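Chemist: I have a structure I would like to understand better, so I am pasting it below and will then ask my questions one at a time.
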Amino acid sequence: MSTTEESPKKSLNFIEQIIEDDLKNGKNQSQVHVRFPPEPNGYLHIGHAKSICLNFGLARDYQGTCNLRFDDTNPEKENVEYVESIKKDIEWLGFKWNDKPLFTSDYFEQLYQFAIQIIKAGNAYVCEQSAEEIANYKGTPTQAGKDSPWRNRPIAESLDLFERMRKGEFAEGTLSLRAKIDMASPNMHMRDPLMYRIKKDAHHRTGAEWNIYPMYDFAHGQSDYIEGITHSICTLEFEVHRPLYEWFLDQVYDPSRLRPRQIEFARLNLSYTVMSKRKLLQLVQEGLVSGWDDPRMPTISGLRRRGYTPKSLHTFADMIGVARRDNMIDLGKLEFAIREDLNKTALRRMAVLNPLKVVITNYPEGKAEMLDAVNNPEDETAGMRQVSFGREIYIEQDDFMEQAPKNYFRLTVGAEVRLRYAYFIRCTEVVKNSDGEIIELRATYDPESKGGKSPDGRKVKGTIHWVSAEHGVKASVNLYDRLFLTEDPQDVEEGVNFLDTINSESLKVIDAIVEPALLETNVGDHFQFERMGYFCTDLDSSSNRLIFNKTVGLKDTWAKVSQN
RNA sequence: UGACCGAUGGUGUAAUGGCAACACUGCAGUUUUUGGUACUGCCUUUCUAGGUUCGAAUCCUGGUCGGUCAACCA
């Protein structure tokens, strides 16, 4: 027998390598249990999509499970609208979380008991310093901090105060529970970090039940532990938190249980946009965009409304990979991913975005006919449709030039061009208004060229799209461009706000004329408007008023050539 | 000037001590009733200086550059 053919071993990213090592070594009973832990204080963006594809993908590939856990420890900023949008976006991406959605707030009592256990062990204390005092005592990255005067108070006293904090006996900002670690640690996060603070805001799930809320570092790791998470994957900025993650775990760890491990990867940066929730919130609140789902937003809901598909986002996530190096992904990669998907699936339609009327003078007045058109040349099963043709049609303004260079294949005076799926026409006359602007074209057609072929076999290089003036339907089309002018809006000079680099022309609303077949469309449908780009039916579209959003243009070689 | 992390074409990501490769972009061409798609070819790569080794992108040391960390946010 021949040797077994070597299966081309797929290269693993560094997280998959860690997992496969753990599996091989039988660590954590060879289980893979991950989680996606959003804070419900904003809408998910494409950076989250990367993380979602990573975590849920790992669970799928290693027969594990992935929890959805809302990290809801800050009632001031969190709400149910965000919870619902997050669930919707994850489902839309095609992933299923393990069991039901989980919440850190479900563990508040357990977390409180852990805290008591740590106080009793002498490793946490109630501190009476103000926020300002704590900051002053904390030192700087290059300077050690100083111990809080409350650091060595009796355990019983801390226990009593902590209980009374919970009961609501103290005002916000007066007391806090702190881990007793090392005020001189070179790692700022180890300088007696806060575990609990007093907060009287109503929580979106627990209401007024709690007057104290756990801080991220304490809550997150312990929640991982409670849920039996094995690999706790987060972004690079949490790297310096890892020693603290381990320290808290050590306080409560029972060796008979699974022990989670934090692994950090580089977050996604996309050119010409911003990815921080704070900045995205600002765009929404200041009305610079129409909302979280504005098609110019890098949010999952914005991309969905723009016309991106779940598949394209998966493709994109696969393309960009996972590593520990800071990155700036070219927006073009995202656009490639959606074109690749839509090229195979989107029905072709004809739409004229900037209409120019053409009268075909030798076509009988009052006559109309139906012509066959292919719905999708990439997919035979998509079938055919019929389009109405008549004596007066609209073509794209860019498809006519009075003084054309010789490599211009479109319509010009005296030259012949093919109307897609219709006839060859030859321009005979240009009609202008008193300002010298072209307002209409006259042309003749070749009746023998029906369908776009001529019996004499003569070659016509250019093919342009068109819509019958009599049958065409009006539609509103939103043309989108990048939201920011600079590649990295976060990286601006001092004194310049990221909002100063916003692209004032990121949205153009135009009136287009589209073929009647587009009347039968539902919200979210994807089309290729031939030669123009991919478009989708907007949320606000109706049969009375069609609205299409431009997802992305087709690759346009001519645009590049004609630049020079 | 502290600790930690990182550095491979224009952009990303592989190569796990043994021929630096894949995708995107760009350029050139073939096909084409979308100047689309598809296909072909090309351009372009290991931050730096030492060391270990028969052999280094990979291991070690120094340097350089970049990132993160001083919220009662996550």
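Chain labels A, B, ... are given in the sequence in which chains occur in the structure tokens; within each chain residues are numbered consecutively from 1, and ligands are likewise numbered from 1 in the order shown.
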With only C-alpha atoms (C1' of nucleotides) as the counted atoms, please give the residues lying no more than 6 Å from Trp97 (chain A), apart from itself and same-chain residues fewer than 5 positions off, as JSON, numbers by chain.
Modeler: {"A": [66, 67, 68]}
Chemist: Please report as a PyMOL selection string which residues of chain A come no farther than 7 Å from chain B, using only C-alpha atoms (C1' of nucleotides).
Modeler: chain A and resi 11+39+131+139-142+173+186-188+197+216+237+240+319-321+325+329-330+333+420-421+452+463+530-531+554-558
Chemist: I want to know what sits within 12 Å of G55 (chain B), based on only C-alpha atoms (C1' of nucleotides), with residues of the same chain fewer than 3 positions away left out; could you give that as number ranges by chain?
Modeler: B: 17-18, 52
Chemist: Write the selection just made, keeping all heavy atoms, as a PDB file, in the first residue's frame?
Modeler:
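Generated output (part_36.pdb):
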```
ATOM      1  P     G B  17      10.415  23.700  16.433  1.00  0.00           P
ATOM      2  OP1   G B  17      10.836  22.293  16.555  1.00  0.00           O
ATOM      3  OP2   G B  17      10.394  24.579  17.608  1.00  0.00           O
ATOM      4  O5'   G B  17      11.305  24.382  15.329  1.00  0.00           O
ATOM      5  C5'   G B  17      12.522  25.034  15.695  1.00  0.00           C
ATOM      6  C4'   G B  17      13.341  25.172  14.446  1.00  0.00           C
ATOM      7  O4'   G B  17      14.651  25.622  14.809  1.00  0.00           O
ATOM      8  C3'   G B  17      13.528  23.854  13.710  1.00  0.00           C
ATOM      9  O3'   G B  17      13.694  24.109  12.321  1.00  0.00           O
ATOM     10  C2'   G B  17      14.844  23.377  14.252  1.00  0.00           C
ATOM     11  O2'   G B  17      15.499  22.475  13.403  1.00  0.00           O
ATOM     12  C1'   G B  17      15.599  24.711  14.321  1.00  0.00           C
ATOM     13  N9    G B  17      16.738  24.695  15.211  1.00  0.00           N
ATOM     14  C8    G B  17      16.878  24.039  16.405  1.00  0.00           C
ATOM     15  N7    G B  17      18.058  24.205  16.923  1.00  0.00           N
ATOM     16  C5    G B  17      18.743  25.007  16.013  1.00  0.00           C
ATOM     17  C6    G B  17      20.062  25.503  16.030  1.00  0.00           C
ATOM     18  O6    G B  17      20.921  25.326  16.885  1.00  0.00           O
ATOM     19  N1    G B  17      20.345  26.268  14.910  1.00  0.00           N
ATOM     20  C2    G B  17      19.462  26.517  13.900  1.00  0.00           C
ATOM     21  N2    G B  17      19.894  27.275  12.897  1.00  0.00           N
ATOM     22  N3    G B  17      18.215  26.062  13.871  1.00  0.00           N
ATOM     23  C4    G B  17      17.940  25.317  14.948  1.00  0.00           C
ATOM     24  P     G B  18      12.592  23.535  11.290  1.00  0.00           P
ATOM     25  OP1   G B  18      11.582  24.584  11.149  1.00  0.00           O
ATOM     26  OP2   G B  18      12.213  22.169  11.669  1.00  0.00           O
ATOM     27  O5'   G B  18      13.429  23.474   9.940  1.00  0.00           O
ATOM     28  C5'   G B  18      13.816  24.686   9.281  1.00  0.00           C
ATOM     29  C4'   G B  18      14.528  24.336   8.001  1.00  0.00           C
ATOM     30  O4'   G B  18      15.780  23.691   8.311  1.00  0.00           O
ATOM     31  C3'   G B  18      13.763  23.389   7.098  1.00  0.00           C
ATOM     32  O3'   G B  18      14.059  23.697   5.750  1.00  0.00           O
ATOM     33  C2'   G B  18      14.339  22.024   7.466  1.00  0.00           C
ATOM     34  O2'   G B  18      14.285  21.098   6.417  1.00  0.00           O
ATOM     35  C1'   G B  18      15.788  22.373   7.800  1.00  0.00           C
ATOM     36  N9    G B  18      16.371  21.515   8.835  1.00  0.00           N
ATOM     37  C8    G B  18      15.700  20.776   9.774  1.00  0.00           C
ATOM     38  N7    G B  18      16.500  20.152  10.599  1.00  0.00           N
ATOM     39  C5    G B  18      17.780  20.502  10.161  1.00  0.00           C
ATOM     40  C6    G B  18      19.055  20.138  10.661  1.00  0.00           C
ATOM     41  O6    G B  18      19.320  19.422  11.621  1.00  0.00           O
ATOM     42  N1    G B  18      20.078  20.714   9.930  1.00  0.00           N
ATOM     43  C2    G B  18      19.906  21.532   8.853  1.00  0.00           C
ATOM     44  N2    G B  18      21.009  21.985   8.280  1.00  0.00           N
ATOM     45  N3    G B  18      18.719  21.892   8.369  1.00  0.00           N
ATOM     46  C4    G B  18      17.718  21.343   9.070  1.00  0.00           C
ATOM     47  P     U B  52      29.151  31.547  18.978  1.00  0.00           P
ATOM     48  OP1   U B  52      30.396  30.944  19.507  1.00  0.00           O
ATOM     49  OP2   U B  52      29.028  31.870  17.526  1.00  0.00           O
ATOM     50  O5'   U B  52      27.927  30.622  19.380  1.00  0.00           O
ATOM     51  C5'   U B  52      27.759  30.196  20.730  1.00  0.00           C
ATOM     52  C4'   U B  52      26.534  29.335  20.866  1.00  0.00           C
ATOM     53  O4'   U B  52      25.352  30.139  20.600  1.00  0.00           O
ATOM     54  C3'   U B  52      26.430  28.209  19.846  1.00  0.00           C
ATOM     55  O3'   U B  52      27.193  27.072  20.249  1.00  0.00           O
ATOM     56  C2'   U B  52      24.934  27.925  19.842  1.00  0.00           C
ATOM     57  O2'   U B  52      24.546  27.162  20.965  1.00  0.00           O
ATOM     58  C1'   U B  52      24.358  29.343  19.980  1.00  0.00           C
ATOM     59  N1    U B  52      24.036  29.944  18.658  1.00  0.00           N
ATOM     60  C2    U B  52      22.841  29.576  18.070  1.00  0.00           C
ATOM     61  O2    U B  52      22.058  28.804  18.592  1.00  0.00           O
ATOM     62  N3    U B  52      22.586  30.152  16.856  1.00  0.00           N
ATOM     63  C4    U B  52      23.399  31.030  16.172  1.00  0.00           C
ATOM     64  O4    U B  52      23.042  31.463  15.077  1.00  0.00           O
ATOM     65  C5    U B  52      24.627  31.354  16.841  1.00  0.00           C
ATOM     66  C6    U B  52      24.899  30.810  18.036  1.00  0.00           C
TER      67        U B  52
END
```
Chemist: Could you pull out the strand (DSSP E) residues of region 307-506 of chain A from DSSP and send them as a ChimeraX atom specification?
Modeler: /A:347-349,351-352,355-360,368-374,384-390,392-396,416-419,424-432,438-445,463-464,466-468,473-480
Chemist: Find the residues around Arg324 (chain A) up to 10 Å (only C-alpha atoms (C1' of nucleotides) counted), leave out those fewer than 2 positions away in its own chain, and share them as number ranges by chain.
Modeler: A: 14, 235-236, 264-267, 322, 326-327; B: 5-6
Chemist: Kindly save the residues from that selection, with C-alpha atoms (C1' of nucleotides) included, as a PDB file, in the first residue's frame.
Modeler:
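As a result, selection-v9.pdb now contains:
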```
ATOM      1  CA  PHE A  14      -1.925  30.419  18.734  1.00  0.00           C
ATOM      2  CA  THR A 235      -8.279  41.278  24.131  1.00  0.00           C
ATOM      3  CA  LEU A 236      -4.699  42.401  24.671  1.00  0.00           C
ATOM      4  CA  GLU A 264      -5.381  37.539  25.142  1.00  0.00           C
ATOM      5  CA  PHE A 265      -5.472  38.317  21.429  1.00  0.00           C
ATOM      6  CA  ALA A 266      -5.191  41.521  19.416  1.00  0.00           C
ATOM      7  CA  ARG A 267      -8.433  43.371  18.896  1.00  0.00           C
ATOM      8  CA  VAL A 322      -6.052  35.772  15.202  1.00  0.00           C
ATOM      9  CA  ASP A 326      -1.528  45.150  16.841  1.00  0.00           C
ATOM     10  CA  ASN A 327      -3.102  45.429  13.446  1.00  0.00           C
TER      11      ASN A 327
ATOM     12  C1'   C B   5       3.604  42.472  25.395  1.00  0.00           C
ATOM     13  C1'   G B   6       4.822  42.729  20.282  1.00  0.00           C
TER      14        G B   6
END
```
Chemist: Any idea what's packed within 12 Å of Gly302 (chain A), counting only C-alpha atoms (C1' of nucleotides), ignoring anything in its chain fewer than 3 positions away? Could you give it as a PDB file with C-alpha atoms, in the first residue's frame?
Modeler:
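Saved the output as around19.pdb:
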```pdb
ATOM      1  CA  TYR A  43     -24.282  47.748  20.412  1.00  0.00           C
ATOM      2  CA  LEU A  44     -21.891  45.102  19.179  1.00  0.00           C
ATOM      3  CA  HIS A  45     -19.449  46.090  16.440  1.00  0.00           C
ATOM      4  CA  ILE A  46     -17.352  44.214  13.941  1.00  0.00           C
ATOM      5  CA  SER A  85     -29.606  43.929  20.486  1.00  0.00           C
ATOM      6  CA  ASP A  89     -26.732  40.179  16.553  1.00  0.00           C
ATOM      7  CA  LEU A 280     -19.609  55.047  18.655  1.00  0.00           C
ATOM      8  CA  VAL A 284     -25.108  58.311  17.986  1.00  0.00           C
ATOM      9  CA  VAL A 289     -25.316  59.210  12.364  1.00  0.00           C
ATOM     10  CA  SER A 290     -28.956  58.165  12.392  1.00  0.00           C
ATOM     11  CA  GLY A 291     -28.483  55.582  15.145  1.00  0.00           C
ATOM     12  CA  TRP A 292     -26.540  52.483  16.155  1.00  0.00           C
ATOM     13  CA  ASP A 293     -27.732  50.808  12.981  1.00  0.00           C
ATOM     14  CA  ASP A 294     -26.808  53.611  10.612  1.00  0.00           C
ATOM     15  CA  PRO A 295     -25.319  51.798   7.599  1.00  0.00           C
ATOM     16  CA  ARG A 296     -22.112  53.797   7.974  1.00  0.00           C
ATOM     17  CA  MET A 297     -21.529  52.448  11.477  1.00  0.00           C
ATOM     18  CA  PRO A 298     -19.151  49.510  11.996  1.00  0.00           C
ATOM     19  CA  THR A 299     -21.766  47.983  14.300  1.00  0.00           C
ATOM     20  CA  ARG A 305     -28.585  47.352   7.339  1.00  0.00           C
ATOM     21  CA  ARG A 306     -25.821  48.229   4.900  1.00  0.00           C
ATOM     22  CA  GLY A 307     -26.256  44.833   3.279  1.00  0.00           C
ATOM     23  CA  TYR A 308     -23.466  42.759   4.764  1.00  0.00           C
ATOM     24  CA  THR A 309     -24.324  39.097   5.230  1.00  0.00           C
ATOM     25  CA  TYR A 480     -22.493  55.510   1.428  1.00  0.00           C
ATOM     26  CA  ASP A 538     -33.583  49.380   3.446  1.00  0.00           C
ATOM     27  CA  LEU A 539     -35.575  48.866   6.629  1.00  0.00           C
ATOM     28  CA  ASN A 549     -28.763  51.174   0.413  1.00  0.00           C
ATOM     29  CA  THR A 551     -23.572  48.017   0.219  1.00  0.00           C
TER      30      THR A 551
END
```
Chemist: Quick one: of A:Ser504, A:Gln31, A:Gln222, A:Thr486, who's nearest to Gly64 (chain A), counting only C-alpha atoms?
Modeler: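 For Gly64 (chain A), the nearest of the candidates is A:Gln31.
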Chemist: CA of Arg410 (chain A) and CA of Ile513 (chain A), how far apart in Å?
Modeler: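 Those two atoms sit 19.7 Å apart.
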Chemist: Determine, counting only C-alpha atoms (C1' of nucleotides), which protein, DNA and RNA residues have an atom within 12 Å of an atom of G50 (chain B); residues of the same chain fewer than 5 positions away are not included. Present the result as a PDB file with C-alpha atoms (C1' of nucleotides), in the first residue's frame.
Modeler:
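Now in around_35.pdb:
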```pdb
ATOM      1  C1'   C B  60      19.867  33.454  23.738  1.00  0.00           C
ATOM      2  C1'   U B  61      21.778  38.643  24.797  1.00  0.00           C
ATOM      3  C1'   G B  62      21.877  43.909  23.809  1.00  0.00           C
ATOM      4  C1'   G B  63      19.662  47.806  21.090  1.00  0.00           C
TER       5        G B  63
END
```
Chemist: Could you state the separation of CA of Pro193 (chain A) and CA of Ser176 (chain A) in Å, given to one decimal place?
Modeler: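 CA of Ser176 (chain A) lies at a distance of 9.9 Å from CA of Pro193 (chain A).
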Chemist: Neighbours of region 366-368 of chain A within 7 Å (only C-alpha atoms (C1' of nucleotides); same-chain residues fewer than 6 positions away dropped), as a PyMOL selection string?
Modeler: chain A and resi 388-390
Chemist: List every residue of region 290-451 of chain A that DSSP, applied to the backbone of this structure, assigns to alpha helix (DSSP H), and report them as a VMD selection string.
Modeler: chain A and resid 300 to 306 310 to 320 331 to 345
Chemist: Those residues you just picked out, can you put them in a file as a CSV table (one decimal), in the first residue's frame with N, CA and C atoms?
Modeler:
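Result went into selection-v2.csv, see below:
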```csv
chain,number,residue,atom,x,y,z
A,300,ILE,N,-22.6,45.7,14.1
A,300,ILE,CA,-23.2,44.6,13.4
A,300,ILE,C,-24.5,45.0,12.8
A,301,SER,N,-25.3,45.7,13.6
A,301,SER,CA,-26.6,46.1,13.1
A,301,SER,C,-26.5,47.1,11.9
A,302,GLY,N,-25.4,48.0,12.0
A,302,GLY,CA,-25.2,48.9,10.9
A,302,GLY,C,-24.8,48.1,9.6
A,303,LEU,N,-23.9,47.2,9.8
A,303,LEU,CA,-23.4,46.4,8.7
A,303,LEU,C,-24.6,45.6,8.1
A,304,ARG,N,-25.4,45.1,8.9
A,304,ARG,CA,-26.6,44.3,8.4
A,304,ARG,C,-27.5,45.2,7.6
A,305,ARG,N,-27.7,46.4,8.1
A,305,ARG,CA,-28.6,47.4,7.3
A,305,ARG,C,-27.9,47.8,6.1
A,306,ARG,N,-26.6,47.8,6.1
A,306,ARG,CA,-25.8,48.2,4.9
A,306,ARG,C,-25.9,47.2,3.8
A,310,PRO,N,-24.1,37.5,7.1
A,310,PRO,CA,-23.4,36.8,8.1
A,310,PRO,C,-22.2,36.1,7.5
A,311,LYS,N,-22.5,35.5,6.3
A,311,LYS,CA,-21.4,34.7,5.7
A,311,LYS,C,-20.2,35.6,5.4
A,312,SER,N,-20.5,36.8,4.9
A,312,SER,CA,-19.3,37.7,4.6
A,312,SER,C,-18.5,38.0,5.8
A,313,LEU,N,-19.2,38.2,6.9
A,313,LEU,CA,-18.5,38.5,8.2
A,313,LEU,C,-17.7,37.3,8.7
A,314,HIS,N,-18.2,36.1,8.4
A,314,HIS,CA,-17.4,34.9,8.8
A,314,HIS,C,-16.2,34.8,7.9
A,315,THR,N,-16.4,35.1,6.6
A,315,THR,CA,-15.2,35.1,5.7
A,315,THR,C,-14.2,36.1,6.1
A,316,PHE,N,-14.7,37.2,6.4
A,316,PHE,CA,-13.8,38.3,6.9
A,316,PHE,C,-13.0,37.9,8.1
A,317,ALA,N,-13.7,37.3,9.1
A,317,ALA,CA,-13.0,36.9,10.3
A,317,ALA,C,-11.9,35.8,10.0
A,318,ASP,N,-12.2,34.9,9.1
A,318,ASP,CA,-11.3,33.9,8.7
A,318,ASP,C,-10.1,34.5,8.0
A,319,MET,N,-10.3,35.5,7.2
A,319,MET,CA,-9.3,36.2,6.4
A,319,MET,C,-8.2,36.9,7.4
A,320,ILE,N,-8.8,37.6,8.4
A,320,ILE,CA,-7.9,38.4,9.2
A,320,ILE,C,-7.1,37.6,10.2
A,331,LEU,N,-9.9,48.3,5.0
A,331,LEU,CA,-11.3,48.2,4.8
A,331,LEU,C,-11.6,47.4,3.5
A,332,GLY,N,-10.7,47.4,2.6
A,332,GLY,CA,-10.9,46.7,1.4
A,332,GLY,C,-11.1,45.2,1.6
A,333,LYS,N,-10.5,44.7,2.7
A,333,LYS,CA,-10.7,43.3,2.9
A,333,LYS,C,-12.2,42.9,3.3
A,334,LEU,N,-12.8,43.8,4.0
A,334,LEU,CA,-14.2,43.6,4.4
A,334,LEU,C,-15.0,43.7,3.1
A,335,GLU,N,-14.7,44.7,2.2
A,335,GLU,CA,-15.4,44.8,1.0
A,335,GLU,C,-15.2,43.6,0.1
A,336,PHE,N,-14.0,43.1,0.1
A,336,PHE,CA,-13.8,41.9,-0.7
A,336,PHE,C,-14.7,40.8,-0.3
A,337,ALA,N,-14.8,40.6,1.1
A,337,ALA,CA,-15.6,39.5,1.6
A,337,ALA,C,-17.1,39.6,1.2
A,338,ILE,N,-17.6,40.8,1.2
A,338,ILE,CA,-19.0,40.9,0.9
A,338,ILE,C,-19.3,40.8,-0.6
A,339,ARG,N,-18.3,41.3,-1.4
A,339,ARG,CA,-18.5,41.1,-2.9
A,339,ARG,C,-18.4,39.7,-3.3
A,340,GLU,N,-17.5,39.0,-2.6
A,340,GLU,CA,-17.4,37.5,-2.9
A,340,GLU,C,-18.7,36.8,-2.6
A,341,ASP,N,-19.3,37.1,-1.6
A,341,ASP,CA,-20.6,36.4,-1.2
A,341,ASP,C,-21.7,36.9,-2.2
A,342,LEU,N,-21.9,38.2,-2.3
A,342,LEU,CA,-23.0,38.7,-3.1
A,342,LEU,C,-22.9,38.4,-4.6
A,343,ASN,N,-21.6,38.3,-5.1
A,343,ASN,CA,-21.5,37.9,-6.5
A,343,ASN,C,-22.1,36.6,-6.8
A,344,LYS,N,-22.1,35.7,-5.9
A,344,LYS,CA,-22.7,34.4,-6.1
A,344,LYS,C,-24.2,34.3,-5.8
A,345,THR,N,-24.7,35.2,-5.0
A,345,THR,CA,-26.0,35.1,-4.6
A,345,THR,C,-27.0,36.2,-5.0
```
Chemist: Using CA of Ala517 (chain A) and CA of Val467 (chain A) as the two end points, give the distance in Å to one decimal.
Modeler: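 Those two atoms sit 11.1 Å apart.
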